[in-house]
Amino acid sequence: MTGPGEAKGGDLLDPGLLARLERVQLSTRRRLAGNLPGEHRSPRHGSSLDFADFRDYYPGDDLRRLDLNALARLDRLLVKLFDAEDELTLRLLIDTSGSMQGAKLHKAAQVGGALGFTALVRRDIVTVHSFPFNQPGPRFRGRNMSQPLFDVLAKLNAGGETPLVAAADQLLTQPGPPGLTIVISDLLTPQWDSGIRRLKARDSELMVIHLLDPTDLDPNLEGDLELVDNETGARLDVSLSASVLGDYRDLAYRWQQDVEDRVRASGGAYLLVKTTDDLESVILGRARDRGLIR
């Protein structure tokens with residue numbers, strides 16, 4: 001059965017969004033060498049600079065790659081995809097700790113599915129790893145592996161604590177080229193900074209999807225309450241007045257900004273996503289604006 005916050009693989013992403021994702025691809029800040037032909041720029045020179053495909057032009061694309069013949073014939077701005085040699089290895093590292101239960105894990109699966117699908121249609125390699133990190137993640141390549149990817153993501157279950165440092169260390173032991181590592185987590189652990197810095201040791205591109213519920217930053221609680229930690233089960237009696245909640249909001253927003261600043265300082269890309277955010281606006285809007293896809 002499908003539990004709260006989960007979805008069947010076939011229901012994970014809207015077909016209309018999938019069609020629009022076919023026209024974009026993941027972006028990396030520098031050239032990354034892979035092992036198989038793909039559609040990303042590589043530090044190596046070879047024979048794969050031949051024309052591969054078209055996609056629609058989007059603001060910020062290199063104007064030198066516009067196909068003027070297509071513009072004259074079809075009155076459409078199309079970009080040639082020919083300047084890439086190697087495949088990209090995309091590693092999705094998804095937080096499945098207790099604090100990710102419900103809407104957070106569902107949104108994490110959707111975001112991971114959208115980014116993974118974008119990679120698969122460009123012949124990139126996608127691996128899925130969750131933490132707690134139990135075993136090497138499954139490996140997918142090619143568009144026909146989209147549904148198996150969605151099925152794996154939809155079956156993720158949340159529980160336990162957030163061993164981000166251990167997960168980062170284990171991921172570093174996995175074979176393969178540097179590639180792109182995407183962490184999808186609420187980062188509600190004191191280990192978040194150490195874990196992020198370890199992941200950069202692989203010399204891979206790093207993207208952090210900071211996934212929060214709006215109540216993480218602005219709780220709608222008040223009065224005398226008993227709070228229960230979703231990960232440890234610890235209980236705490238609190239008295240939440242308007243003044244205390246105001247102090248909490250200030251601390252929470254400063255913490256979120258500190259996370260963003262440190263991720264960027266480490267050379268990683270950062271994107272804040274809330275469980276209530278529209279998925280298409282996140283992927284085709286803010287992620288594109290940040291240069292995470294093109």
# chains A, B, ... in the order shown; residues from 1 in each chain; ligands from 1
$ residues_around --residues "Asp56 in chain A" --least-positions-apart "4" --cutoff "8 Å" --atoms "only C-alpha atoms" --output "short mmCIF file (atom, residue, chain, number, x, y, z; two decimals) with C-alpha atoms, in the first residue's frame"
data_model
loop_
_atom_site.label_atom_id
_atom_site.label_comp_id
_atom_site.auth_asym_id
_atom_site.auth_seq_id
_atom_site.Cartn_x
_atom_site.Cartn_y
_atom_site.Cartn_z
CA ARG A 23 13.48 20.47 -23.81
CA ARG A 76 11.20 29.50 -34.08
CA LEU A 77 14.28 30.12 -31.99
CA LEU A 78 16.02 26.74 -31.73
CA VAL A 79 19.40 25.96 -30.17
#
$ residues_around --residues "Val208 in chain A" --least-positions-apart "3" --cutoff "9 Å" --atoms "only C-alpha atoms" --output "list in words"
Thr181, Ile182, Val183, Ile184, Ser185, Ile196, Glu260, Val263, Gly268, Ala269, Tyr270, Leu271 and Leu272 of chain A
$ closest_residue --among "A:Ala109, A:Leu88, A:Ile293, A:Val244" --to "Pro219 in chain A" --atoms "only C-alpha atoms"
A:Val244
$ residues_around --residues "Gln25 in chain A" --least-positions-apart "4" --cutoff "9 Å" --atoms "only C-alpha atoms" --output "list in words"
Leu21, Glu39, His40, Leu115, Thr118, Ala119, Val121, Arg122, Leu292, Ile293 and Arg294 of chain A
$ atom_distance --atom1 "CA of Leu68 in chain A" --atom2 "CA of Arg288 in chain A"
24.1 Å
$ closest_residue --among "A:Ser99, A:Ser241, A:Thr28, A:Thr215" --to "Asn157 in chain A" --atoms "only C-alpha atoms"
A:Ser99
$ select_by_dssp --residues "range 40-288 of chain A" --states "strand (DSSP E or B)" --output "VMD selection string"
chain A and resid 40 53 to 56 66 78 to 81 86 89 to 95 125 to 131 139 to 141 180 to 185 205 to 212 223 to 228 235 to 240 269 to 274
